[in-house]
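Trainee: Contents are TSV, C-alpha atoms (C1' of nucleotides); file name target-v3.tsv:
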chain	number	residue	atom	x	y	z
Y	198	MET	CA	23.35	-7.24	20.31
Y	199	THR	CA	27.04	-6.64	20.93
Y	200	ASP	CA	27.87	-3.91	23.37
Y	201	SER	CA	25.29	-1.42	24.56
Y	202	GLN	CA	26.01	2.27	24.70
Y	203	PRO	CA	24.32	4.58	27.12
Y	204	PRO	CA	21.77	6.92	25.56
Y	205	ALA	CA	23.14	10.29	24.58
Y	206	GLY	CA	20.44	12.71	25.62
Y	207	ALA	CA	17.79	12.77	28.28
Y	208	GLY	CA	15.70	9.73	29.02
Y	209	ALA	CA	15.81	6.40	30.78
Y	210	GLU	CA	19.32	5.08	30.88
Y	211	SER	CA	17.83	1.64	31.32
Y	212	VAL	CA	16.86	1.52	27.65
Y	213	PRO	CA	19.76	0.82	25.31
Y	214	PRO	CA	19.34	2.39	21.88
Y	215	LEU	CA	18.74	0.39	18.77
Y	216	ASP	CA	21.87	-0.20	16.77
Y	217	PRO	CA	22.02	1.73	13.51
Y	218	ALA	CA	21.10	-1.26	11.38
Y	219	GLN	CA	17.95	-1.83	13.38
Y	220	LEU	CA	16.97	1.81	13.37
Y	221	GLY	CA	17.47	2.07	9.63
Y	222	THR	CA	15.54	-1.10	9.02
Y	223	TYR	CA	12.67	0.10	11.15
Y	224	PHE	CA	12.42	3.44	9.41
Y	225	VAL	CA	12.70	2.11	5.90
Y	226	LEU	CA	10.13	-0.56	6.67
Y	227	MET	CA	7.66	2.02	7.91
Y	228	GLU	CA	8.36	4.35	5.03
Y	229	ALA	CA	8.07	1.75	2.31
Y	230	VAL	CA	4.87	0.29	3.69
Y	231	SER	CA	3.42	3.74	4.15
Y	232	LEU	CA	4.07	4.52	0.50
Y	233	LEU	CA	2.61	1.18	-0.50
Y	234	GLN	CA	-0.46	1.68	1.64
Y	235	HIS	CA	-1.06	5.05	0.10
Y	236	GLN	CA	-0.90	3.78	-3.48
Y	237	VAL	CA	-3.05	0.81	-2.63
Y	238	GLU	CA	-5.65	3.05	-1.06
Y	239	GLN	CA	-5.70	5.15	-4.19
Y	240	GLN	CA	-6.27	2.15	-6.39
Y	241	LEU	CA	-9.06	0.73	-4.23
Y	242	ARG	CA	-10.77	4.07	-3.90
Y	243	ALA	CA	-10.54	4.79	-7.61
Y	244	GLU	CA	-11.61	1.40	-8.89
Y	245	GLY	CA	-13.92	0.21	-6.16
Y	246	GLY	CA	-14.84	3.15	-4.00
Y	247	ILE	CA	-13.61	1.36	-0.90
Y	248	SER	CA	-10.84	1.79	1.62
Y	249	TYR	CA	-8.17	-0.77	2.40
Y	250	VAL	CA	-9.91	-1.63	5.65
Y	251	GLN	CA	-13.12	-2.32	3.78
Y	252	PHE	CA	-11.23	-4.34	1.21
Y	253	GLN	CA	-9.71	-6.45	3.95
Y	254	LEU	CA	-13.09	-7.11	5.50
Y	255	LEU	CA	-14.64	-8.06	2.18
Y	256	ALA	CA	-11.68	-10.18	1.13
Y	257	ARG	CA	-11.68	-12.00	4.42
Y	258	LEU	CA	-15.33	-12.85	4.01
Y	259	ALA	CA	-15.03	-13.66	0.33
Y	260	HIS	CA	-12.14	-16.04	0.75
Y	261	GLY	CA	-13.29	-17.56	4.01
Y	262	ASP	CA	-15.57	-20.49	4.34
Y	263	GLY	CA	-18.65	-18.78	5.61
Y	264	PRO	CA	-19.99	-15.99	7.75
Y	265	LEU	CA	-17.97	-14.52	10.59
Y	266	THR	CA	-19.01	-12.88	13.79
Y	267	MET	CA	-18.24	-9.22	14.15
Y	268	THR	CA	-15.53	-10.03	16.65
Y	269	GLY	CA	-13.97	-12.62	14.39
Y	270	LEU	CA	-14.08	-10.24	11.49
Y	271	ALA	CA	-12.48	-7.39	13.37
Y	272	ASP	CA	-9.42	-9.41	14.28
Y	273	GLY	CA	-6.31	-7.55	13.21
Y	274	VAL	CA	-8.15	-5.21	10.89
Y	275	VAL	CA	-9.82	-2.80	13.23
Y	276	TYR	CA	-8.84	-1.91	16.75
Y	277	SER	CA	-12.11	-0.92	18.33
Y	278	ARG	CA	-15.54	-2.46	18.35
Y	279	SER	CA	-17.22	0.70	17.30
Y	280	GLY	CA	-14.85	1.05	14.42
Y	281	LEU	CA	-16.01	-2.23	13.02
Y	282	THR	CA	-19.65	-1.41	13.57
Y	283	TYR	CA	-19.06	1.75	11.61
Y	284	GLN	CA	-17.38	0.00	8.71
Y	285	ALA	CA	-19.90	-2.82	8.68
Y	286	GLY	CA	-22.64	-0.23	8.60
Y	287	LEU	CA	-21.14	1.32	5.51
Y	288	LEU	CA	-20.64	-2.01	3.77
Y	289	GLU	CA	-24.15	-3.10	4.61
Y	290	LYS	CA	-25.60	0.15	3.38
Y	291	SER	CA	-23.78	-0.41	0.11
Y	292	GLY	CA	-25.20	-3.91	-0.12
Y	293	LEU	CA	-21.80	-5.57	0.06
Y	294	ILE	CA	-22.42	-7.53	3.25
Y	295	THR	CA	-25.39	-8.64	5.35
Y	296	ARG	CA	-25.68	-8.95	9.09
Y	297	ASP	CA	-27.90	-11.54	10.70
Y	298	PRO	CA	-28.37	-12.83	14.22
Y	299	SER	CA	-26.34	-15.91	15.03
Y	300	PRO	CA	-28.34	-19.06	15.79
Y	301	ASP	CA	-25.63	-20.32	18.13
Y	302	ASP	CA	-25.18	-17.26	20.28
Y	303	ASP	CA	-27.96	-14.74	20.55
Y	304	ARG	CA	-25.50	-12.00	21.36
Y	305	ALA	CA	-23.51	-12.48	18.19
Y	306	THR	CA	-24.00	-11.12	14.70
Y	307	LEU	CA	-23.02	-13.14	11.67
Y	308	VAL	CA	-21.62	-11.22	8.75
Y	309	SER	CA	-21.76	-12.55	5.18
Y	310	VAL	CA	-20.63	-11.21	1.83
Y	311	THR	CA	-23.29	-10.64	-0.75
Y	312	ASP	CA	-22.89	-11.42	-4.43
Y	313	ASP	CA	-22.30	-7.74	-4.97
Y	314	GLY	CA	-19.56	-7.88	-2.39
Y	315	ARG	CA	-17.85	-10.78	-4.10
Y	316	ALA	CA	-18.24	-9.06	-7.43
Y	317	LEU	CA	-16.62	-5.95	-6.07
Y	318	VAL	CA	-13.66	-7.88	-4.74
Y	319	ASP	CA	-13.30	-9.62	-8.07
Y	320	ARG	CA	-13.54	-6.36	-9.91
Y	321	VAL	CA	-10.97	-4.61	-7.78
Y	322	LEU	CA	-8.51	-7.43	-7.35
Y	323	PRO	CA	-6.77	-7.34	-10.74
Y	324	GLY	CA	-5.84	-3.70	-10.41
Y	325	HIS	CA	-4.90	-4.27	-6.82
Y	326	VAL	CA	-2.61	-7.10	-7.75
Y	327	GLN	CA	-1.09	-5.02	-10.47
Y	328	VAL	CA	-0.25	-2.20	-8.09
Y	329	VAL	CA	1.20	-4.54	-5.51
Y	330	ARG	CA	3.25	-6.36	-8.08
Y	331	SER	CA	4.62	-3.28	-9.72
Y	332	LEU	CA	5.42	-1.50	-6.47
Y	333	LEU	CA	6.35	-4.26	-4.06
Y	334	PHE	CA	7.45	-7.33	-5.99
Y	335	ASP	CA	9.03	-5.80	-9.04
Y	336	PRO	CA	12.35	-5.08	-7.37
Y	337	LEU	CA	12.41	-8.37	-5.41
Y	338	ALA	CA	13.74	-11.80	-6.28
Y	339	GLY	CA	11.89	-14.99	-5.40
Y	340	ASP	CA	14.15	-15.57	-2.44
Y	341	ASP	CA	13.49	-12.09	-1.16
Y	342	VAL	CA	9.77	-12.67	-1.29
Y	343	ARG	CA	9.98	-15.92	0.62
Y	344	HIS	CA	12.29	-14.47	3.20
Y	345	LEU	CA	10.20	-11.36	3.61
Y	346	GLY	CA	7.11	-13.45	4.07
Y	347	ASP	CA	8.86	-15.65	6.56
Y	348	VAL	CA	10.25	-12.77	8.55
Y	349	MET	CA	7.00	-10.84	8.67
Y	350	THR	CA	5.09	-13.94	9.62
Y	351	ARG	CA	7.35	-14.39	12.60
Y	352	VAL	CA	6.89	-10.75	13.53
Y	353	ARG	CA	3.14	-10.97	13.15
Y	354	ASP	CA	2.89	-14.13	15.21
Y	355	HIS	CA	5.14	-12.63	17.84
Y	356	MET	CA	2.99	-9.52	18.11
Y	357	ARG	CA	-0.14	-11.57	18.23
Y	358	ALA	CA	1.26	-13.63	21.06
Y	359	GLN	CA	2.00	-10.51	23.11
Y	360	PRO	CA	-0.72	-9.46	25.49
Y	361	PRO	CA	-2.32	-6.54	23.67
Y	362	ARG	CA	-1.64	-3.32	25.49
Y	363	SER	CA	-5.14	-1.95	25.25
Y	364	ALA	CA	-7.32	-4.35	23.31
Y	365	ALA	CA	-9.81	-6.01	25.59
Y	366	SER	CA	-8.53	-4.44	28.75
Y	367	ARG	CA	-11.18	-2.45	30.40
Y	368	ARG	CA	-10.12	0.81	31.89
Y	369	ARG	CA	-10.18	0.85	35.62
Y	370	ARG	CA	-12.38	3.63	36.90
Y	371	PRO	CA	-10.55	6.22	38.95
Y	372	ALA	CA	-12.21	7.12	42.22
Y	373	PRO	CA	-15.06	9.53	41.35
C	202	MET	CA	-3.52	-23.12	-4.63
C	203	THR	CA	-0.94	-24.69	-6.87
C	204	ASP	CA	-1.77	-23.94	-10.47
C	205	SER	CA	-3.06	-20.55	-11.45
C	206	GLN	CA	-6.69	-20.28	-12.31
C	207	PRO	CA	-8.17	-17.63	-14.54
C	208	PRO	CA	-10.07	-14.97	-12.63
C	209	ALA	CA	-13.51	-16.25	-11.76
C	210	GLY	CA	-15.71	-13.20	-11.96
C	211	ALA	CA	-15.48	-9.97	-13.85
C	212	GLY	CA	-12.16	-8.31	-14.41
C	213	ALA	CA	-9.24	-7.94	-16.75
C	214	GLU	CA	-7.94	-11.26	-17.96
C	215	SER	CA	-4.77	-9.44	-18.92
C	216	VAL	CA	-3.67	-9.28	-15.29
C	217	PRO	CA	-2.19	-12.53	-14.05
C	218	PRO	CA	-2.80	-13.15	-10.36
C	219	LEU	CA	-0.06	-13.02	-7.80
C	220	ASP	CA	1.27	-16.42	-6.91
C	221	PRO	CA	0.30	-17.62	-3.45
C	222	ALA	CA	3.68	-16.85	-1.93
C	223	GLN	CA	3.48	-13.26	-3.11
C	224	LEU	CA	-0.08	-12.81	-1.94
C	225	GLY	CA	0.69	-14.24	1.47
C	226	THR	CA	3.79	-12.09	1.79
C	227	TYR	CA	1.89	-8.98	0.85
C	228	PHE	CA	-0.89	-9.60	3.34
C	229	VAL	CA	1.34	-10.53	6.23
C	230	LEU	CA	3.54	-7.52	5.54
C	231	MET	CA	0.57	-5.20	5.67
C	232	GLU	CA	-0.85	-6.89	8.74
C	233	ALA	CA	2.36	-6.92	10.72
C	234	VAL	CA	3.19	-3.32	9.94
C	235	SER	CA	-0.34	-2.27	10.75
C	236	LEU	CA	-0.06	-3.88	14.16
C	237	LEU	CA	3.31	-2.28	14.68
C	238	GLN	CA	2.06	1.13	13.61
C	239	HIS	CA	-0.80	0.87	16.03
C	240	GLN	CA	1.39	0.02	19.00
C	241	VAL	CA	3.88	2.70	18.09
C	242	GLU	CA	1.13	5.29	17.85
C	243	GLN	CA	-0.06	4.31	21.31
C	244	GLN	CA	3.39	4.72	22.78
C	245	LEU	CA	3.98	8.11	21.16
C	246	ARG	CA	0.57	9.39	22.14
C	247	ALA	CA	0.89	8.16	25.71
C	248	GLU	CA	4.43	9.35	26.37
C	249	GLY	CA	4.68	12.39	24.14
C	250	GLY	CA	1.20	13.40	23.09
C	251	ILE	CA	2.18	13.21	19.44
C	252	SER	CA	1.25	11.08	16.45
C	253	TYR	CA	3.68	9.05	14.40
C	254	VAL	CA	3.51	11.61	11.62
C	255	GLN	CA	4.47	14.34	14.05
C	256	PHE	CA	7.23	12.18	15.44
C	257	GLN	CA	8.62	11.67	11.96
C	258	LEU	CA	8.60	15.37	11.26
C	259	LEU	CA	10.32	16.19	14.54
C	260	ALA	CA	12.83	13.38	14.19
C	261	ARG	CA	13.68	14.41	10.68
C	262	LEU	CA	14.36	17.95	11.83
C	263	ALA	CA	16.16	16.88	14.98
C	264	HIS	CA	18.52	14.52	13.22
C	265	GLY	CA	19.00	16.61	10.13
C	266	ASP	CA	21.59	19.30	9.71
C	267	GLY	CA	19.41	22.33	9.73
C	268	PRO	CA	16.05	23.75	8.80
C	269	LEU	CA	14.00	22.30	5.98
C	270	THR	CA	11.48	23.84	3.68
C	271	MET	CA	7.91	22.70	4.04
C	272	THR	CA	8.19	20.79	0.79
C	273	GLY	CA	11.40	19.09	1.85
C	274	LEU	CA	9.91	18.20	5.17
C	275	ALA	CA	6.77	16.71	3.70
C	276	ASP	CA	8.66	14.27	1.54
C	277	GLY	CA	7.38	10.76	2.15
C	278	VAL	CA	5.64	11.66	5.39
C	279	VAL	CA	2.58	13.52	4.24
C	280	TYR	CA	0.85	13.29	0.92
C	281	SER	CA	-0.75	16.68	0.56
C	282	ARG	CA	0.49	20.18	1.06
C	283	SER	CA	-2.38	21.13	3.27
C	284	GLY	CA	-1.76	18.10	5.42
C	285	LEU	CA	1.68	19.34	6.23
C	286	THR	CA	0.50	22.87	6.87
C	287	TYR	CA	-1.98	21.39	9.32
C	288	GLN	CA	0.63	19.32	11.14
C	289	ALA	CA	3.16	22.13	11.16
C	290	GLY	CA	0.51	24.40	12.60
C	291	LEU	CA	-0.03	21.99	15.47
C	292	LEU	CA	3.67	21.53	16.13
C	293	GLU	CA	4.26	25.26	16.02
C	294	LYS	CA	1.39	25.94	18.36
C	295	SER	CA	2.93	23.47	20.78
C	296	GLY	CA	6.27	25.23	20.52
C	297	LEU	CA	8.04	22.24	19.03
C	298	ILE	CA	9.00	23.88	15.74
C	299	THR	CA	9.29	27.37	14.30
C	300	ARG	CA	8.55	28.61	10.82
C	301	ASP	CA	10.46	31.46	9.27
C	302	PRO	CA	10.69	32.93	5.79
C	303	SER	CA	13.56	31.59	3.72
C	304	PRO	CA	16.25	34.09	2.76
C	305	ASP	CA	16.99	32.19	-0.45
C	306	ASP	CA	13.50	31.85	-1.81
C	307	ASP	CA	10.84	34.26	-0.73
C	308	ARG	CA	8.13	31.72	-1.44
C	309	ALA	CA	9.59	29.14	0.88
C	310	THR	CA	9.20	28.61	4.59
C	311	LEU	CA	12.05	27.21	6.66
C	312	VAL	CA	11.08	24.91	9.49
C	313	SER	CA	13.33	24.36	12.51
C	314	VAL	CA	13.03	22.30	15.67
C	315	THR	CA	13.03	24.16	18.93
C	316	ASP	CA	14.80	22.99	22.05
C	317	ASP	CA	11.46	21.80	23.32
C	318	GLY	CA	11.05	19.81	20.14
C	319	ARG	CA	14.41	18.14	20.57
C	320	ALA	CA	13.66	17.48	24.20
C	321	LEU	CA	10.40	15.84	23.27
C	322	VAL	CA	12.09	13.56	20.76
C	323	ASP	CA	14.69	12.64	23.35
C	324	ARG	CA	12.04	11.99	25.93
C	325	VAL	CA	9.95	9.80	23.69
C	326	LEU	CA	12.71	7.91	21.94
C	327	PRO	CA	13.64	5.41	24.66
C	328	GLY	CA	10.11	4.11	24.99
C	329	HIS	CA	9.75	4.14	21.26
C	330	VAL	CA	12.88	2.10	20.82
C	331	GLN	CA	11.70	-0.29	23.46
C	332	VAL	CA	8.41	-0.90	21.71
C	333	VAL	CA	10.07	-1.38	18.34
C	334	ARG	CA	12.63	-3.72	19.75
C	335	SER	CA	10.20	-5.85	21.67
C	336	LEU	CA	7.68	-6.08	18.85
C	337	LEU	CA	9.74	-6.03	15.68
C	338	PHE	CA	13.28	-7.13	16.45
C	339	ASP	CA	12.72	-9.58	19.26
C	340	PRO	CA	11.79	-12.47	16.98
C	341	LEU	CA	14.44	-11.63	14.34
C	342	ALA	CA	18.05	-12.66	13.97
C	343	GLY	CA	20.75	-10.25	12.86
C	344	ASP	CA	20.67	-11.64	9.36
C	345	ASP	CA	16.94	-11.16	9.18
C	346	VAL	CA	17.29	-7.53	10.15
C	347	ARG	CA	19.92	-6.84	7.53
C	348	HIS	CA	17.98	-8.64	4.86
C	349	LEU	CA	14.74	-6.93	5.78
C	350	GLY	CA	16.44	-3.57	5.68
C	351	ASP	CA	18.01	-4.35	2.36
C	352	VAL	CA	14.78	-5.59	0.82
C	353	MET	CA	12.68	-2.70	2.03
C	354	THR	CA	15.30	-0.22	0.92
C	355	ARG	CA	15.08	-1.61	-2.56
C	356	VAL	CA	11.30	-1.42	-2.44
C	357	ARG	CA	11.35	2.12	-1.14
C	358	ASP	CA	13.83	3.27	-3.76
C	359	HIS	CA	11.84	1.55	-6.46
C	360	MET	CA	8.63	3.26	-5.38
C	361	ARG	CA	10.38	6.58	-5.15
C	362	ALA	CA	11.70	6.19	-8.65
C	363	GLN	CA	8.23	5.53	-10.02
C	364	PRO	CA	6.39	8.59	-11.24
C	365	PRO	CA	3.98	9.25	-8.41
C	366	ARG	CA	0.44	8.64	-9.53
C	367	SER	CA	-0.98	11.76	-7.98
C	368	ALA	CA	1.71	13.61	-6.12
C	369	ALA	CA	2.74	16.73	-7.95
C	370	SER	CA	0.55	16.13	-10.94
C	371	ARG	CA	-1.86	18.90	-11.38
C	372	ARG	CA	-5.33	17.91	-12.28
C	373	ARG	CA	-6.23	18.84	-15.80
C	374	ARG	CA	-9.28	21.02	-15.80
C	375	PRO	CA	-12.19	19.54	-17.68
C	376	ALA	CA	-13.78	21.88	-20.18
C	377	PRO	CA	-16.02	24.24	-18.20
F	88	DT	C1'	3.55	29.68	-16.16
F	89	DA	C1'	5.16	26.99	-12.45
F	90	DT	C1'	6.03	26.62	-7.64
F	91	DT	C1'	5.53	27.45	-2.44
F	92	DG	C1'	2.61	27.67	1.04
F	93	DT	C1'	-1.89	28.75	3.40
F	94	DT	C1'	-6.89	28.64	4.09
F	95	DA	C1'	-11.59	27.00	3.99
F	96	DT	C1'	-14.23	23.25	3.86
F	97	DA	C1'	-16.00	18.80	3.68
F	98	DC	C1'	-15.36	14.31	4.68
F	99	DT	C1'	-13.57	9.91	6.58
F	100	DC	C1'	-12.17	7.51	10.20
F	101	DT	C1'	-11.19	6.28	14.99
F	102	DA	C1'	-11.99	5.82	19.82
F	103	DT	C1'	-14.27	6.43	24.33
F	104	DA	C1'	-18.10	5.83	27.08
F	105	DA	C1'	-22.65	4.60	27.94
F	106	DC	C1'	-26.04	1.33	26.88
F	107	DT	C1'	-28.69	-3.14	25.73
F	108	DA	C1'	-28.97	-7.86	25.66
F	109	DT	C1'	-27.41	-12.42	26.21
F	110	DA	C1'	-24.08	-16.24	28.38
E	110	DT	C1'	-19.89	-10.90	35.97
E	111	DA	C1'	-18.25	-11.17	31.31
E	112	DT	C1'	-19.04	-10.90	26.47
E	113	DA	C1'	-21.17	-9.18	21.75
E	114	DG	C1'	-22.63	-5.51	19.58
E	115	DT	C1'	-24.59	-0.76	18.85
E	116	DT	C1'	-24.95	4.21	19.47
E	117	DA	C1'	-23.67	8.91	20.37
E	118	DT	C1'	-20.29	11.91	20.17
E	119	DA	C1'	-16.11	14.14	19.94
E	120	DG	C1'	-11.66	14.68	17.96
E	121	DA	C1'	-7.92	13.87	14.73
E	122	DG	C1'	-6.56	13.68	10.25
E	123	DT	C1'	-6.80	14.09	5.18
E	124	DA	C1'	-7.66	15.96	0.71
E	125	DT	C1'	-9.52	19.18	-2.71
E	126	DA	C1'	-9.98	23.55	-4.45
E	127	DA	C1'	-9.31	28.29	-4.39
E	128	DC	C1'	-6.11	31.67	-3.25
E	129	DA	C1'	-1.81	34.84	-2.73
E	130	DA	C1'	2.83	35.61	-3.53
E	131	DT	C1'	7.13	34.77	-5.64
E	132	DA	C1'	10.39	32.49	-9.39
Please go through the file and, once you have read it, give me the structure as structure tokens.
Mentor:
Amino acid sequence: MTDSQPPAGAGAESVPPLDPAQLGTYFVLMEAVSLLQHQVEQQLRAEGGISYVQFQLLARLAHGDGPLTMTGLADGVVYSRSGLTYQAGLLEKSGLITRDPSPDDDRATLVSVTDDGRALVDRVLPGHVQVVRSLLFDPLAGDDVRHLGDVMTRVRDHMRAQPPRSAASRRRRPAP
Amino acid sequence: MTDSQPPAGAGAESVPPLDPAQLGTYFVLMEAVSLLQHQVEQQLRAEGGISYVQFQLLARLAHGDGPLTMTGLADGVVYSRSGLTYQAGLLEKSGLITRDPSPDDDRATLVSVTDDGRALVDRVLPGHVQVVRSLLFDPLAGDDVRHLGDVMTRVRDHMRAQPPRSAASRRRRPAP
DNA sequence: TATTGTTATACTCTATAACTATA
DNA sequence: TATAGTTATAGAGTATAACAATA
């Protein structure tokens, strides 16, 4: 945020580059989380036969108060309606969730975890926690954890506040 | 959520749960980065027709000193050999990289960026930087950025130092 | 024997568009 | 007209195993 240099190569000169600290932080953040994601996926697949997306959906239902609508469940986990329908279909087929019509809104579907679903989360969680602890928290001090949580919460909230670029926006039809 | 309870359902009682701060930090980290990844993918796809993986490969070659072997290029970006061959095939078909036999090691392939590849990186970078800045760095102070970079560097290095669970390890053949 | 890279194949996942039904 | 959800379908990506060639 000090002085801005013009970009070196081609491109819009209206966009100042990131300073080196920012660029490095961005790349290492993406790299570290990518590695973490990969290991976590391995653990979940090996011990529970589920993906991280499915784990998130189950965990959200298992730790929440009650059933969620499909839309409520999708929030932040899946970026298209059909994607959630697909995942919910798999989970339902495996007997981990149920889908029932909502009494309040006849358009909506209420999703609930089954006992099997809860059991699966419980079965997978210890190993999951172990992986996360040994990979993510092992090299961090308590202060680091708090600060990381604080920082990423701000980032998350900031992104959530932004109008999503392509979430609910319907595409305008070009003239046929 | 104050005192730690023993795991309710099935599972290993030898694995203590994460404390709430750790669990929250883990989830918000994954969520925020997932949102960021998604937006970044959109930008790269829209402005350059490439995925983030492809962008990483090109950027690594464009900012590095010279050609890399396939194995060197894969490092941390792709988790299977065939995955890299696939991506390299796409990039080569698009004229963004070239693959040539290595003079040093006749088994190896040396990958280089073409001028088109560099041009693409240059063309895409301003928008990329803009997205990253507005989504990730906007809500952060300079100290936050440094600390985040420091923390994630430690995490990355720690994960790299761990013996990878399934990277180069050959599967042992079960008795036939 | 170990390593580098490719191929074939199967599978998972995602997203777009069209559709139904309800608010 | 807008929203909730499903379906069909197509495309991108990944991983495993088998393979060839070189170290």
Trainee: Just checking: using only C-alpha atoms, which residue out of Y:Leu332, Y:Val352, Y:Leu322, Y:Ala285 ends up closest to Val230 of chain Y?
Mentor: Y:Leu332
Trainee: For each of C:Asp301, C:Glu232, C:Glu242, C:Asp306, take the minimum atom-to-atom distance to chain E, counting only C-alpha atoms (C1' of nucleotides), then give the residue where this is smallest.
Mentor: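 Looking only at the distances to chain E, the closest residue turns out to be C:Asp306.
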Trainee: At a cut-off of 7 Å, which residues of chain Y touch chain C? Count only C-alpha atoms and give the answer as number ranges by chain.
Mentor: Y: 206-209, 212, 214-215, 218-219, 221-222, 225-226, 229, 316, 319-320, 323, 326-327, 332-333, 336, 341-343, 345-346, 348-353, 355-356
Trainee: Kindly give the distance, in Å, that separates atom CA of Pro264 of chain Y and atom CA of Ala305 of chain Y, rounded to a single decimal.
Mentor: 11.6 Å
Trainee: With the cut-off set at 8 Å and counting all atoms listed in the file, tabulate each residue of chain E with an atom at most that distance from an atom of chain C, showing the nearest atom pair and its distance in Å to one decimal, ordered by chain and increasing number, as a tab-separated table.
Mentor:
residue	atom	partner	partner_atom	distance
E:DT123	C1'	C:Gly284	CA	6.4
E:DA124	C1'	C:Ser281	CA	6.9
E:DA130	C1'	C:Arg308	CA	6.9
E:DT131	C1'	C:Arg308	CA	5.3
Trainee: Within 10 Å of chain C, which residues belong to chain F? Use all atoms listed in the file and report them as a PyMOL selection string.
Mentor: chain F and resi 90-94
Trainee: Between atom CA of Tyr249 of chain Y and atom C1' of DT101 of chain F, measure the distance and give it in Å to one decimal.
Mentor: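 Taking atom CA of Tyr249 of chain Y and atom C1' of DT101 of chain F, their separation equals 14.7 Å.
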Trainee: What does the structure give for the distance between atom C1' of DC128 of chain E and atom C1' of DA95 of chain F, in Å to one decimal?
Mentor: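 Computing the Euclidean distance for atom C1' of DC128 of chain E and atom C1' of DA95 of chain F yields 10.2 Å.
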Trainee: Scan for residues within 12 Å of the point (-23.0, 12.9, 19.8) in the coordinates of the file, using only C-alpha atoms (C1' of nucleotides), and reply as a PDB file with C-alpha atoms (C1' of nucleotides), in the frame of the given file.
Mentor:
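result-v9.pdb, freshly written:
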ATOM      1  C1'  DT F 103     -14.270   6.430  24.330  1.00  0.00           C
ATOM      2  C1'  DA F 104     -18.100   5.830  27.080  1.00  0.00           C
ATOM      3  C1'  DA F 105     -22.650   4.600  27.940  1.00  0.00           C
TER       4       DA F 105
ATOM      5  C1'  DT E 116     -24.950   4.210  19.470  1.00  0.00           C
ATOM      6  C1'  DA E 117     -23.670   8.910  20.370  1.00  0.00           C
ATOM      7  C1'  DT E 118     -20.290  11.910  20.170  1.00  0.00           C
ATOM      8  C1'  DA E 119     -16.110  14.140  19.940  1.00  0.00           C
ATOM      9  C1'  DG E 120     -11.660  14.680  17.960  1.00  0.00           C
TER      10       DG E 120
END
Trainee: So which one's closest to DG114 of chain E, F:DT88, F:DT109, F:DA97, F:DA102? Using only C-alpha atoms (C1' of nucleotides), please.
Mentor: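 Checking each candidate against DG114 of chain E, we get F:DT109 as the closest.
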Trainee: To box segment 231-250 of chain Y, take all atoms listed in the file, fit an axis-aligned box, add 8 Å on each side, and give centre and edge lengths in Å to one decimal, as lines of an AutoDock Vina configuration file.
Mentor:
center_x = -5.4
center_y = 1.8
center_z = -1.6
size_x = 34.9
size_y = 22.8
size_z = 30.5
Trainee: List the neighbours of Leu265 of chain Y out to 6 Å using all atoms listed in the file; skip same-chain residues closer than 2 positions along the sequence, and give me the result as a ChimeraX atom specification.
Mentor: /Y:269-270,307-308
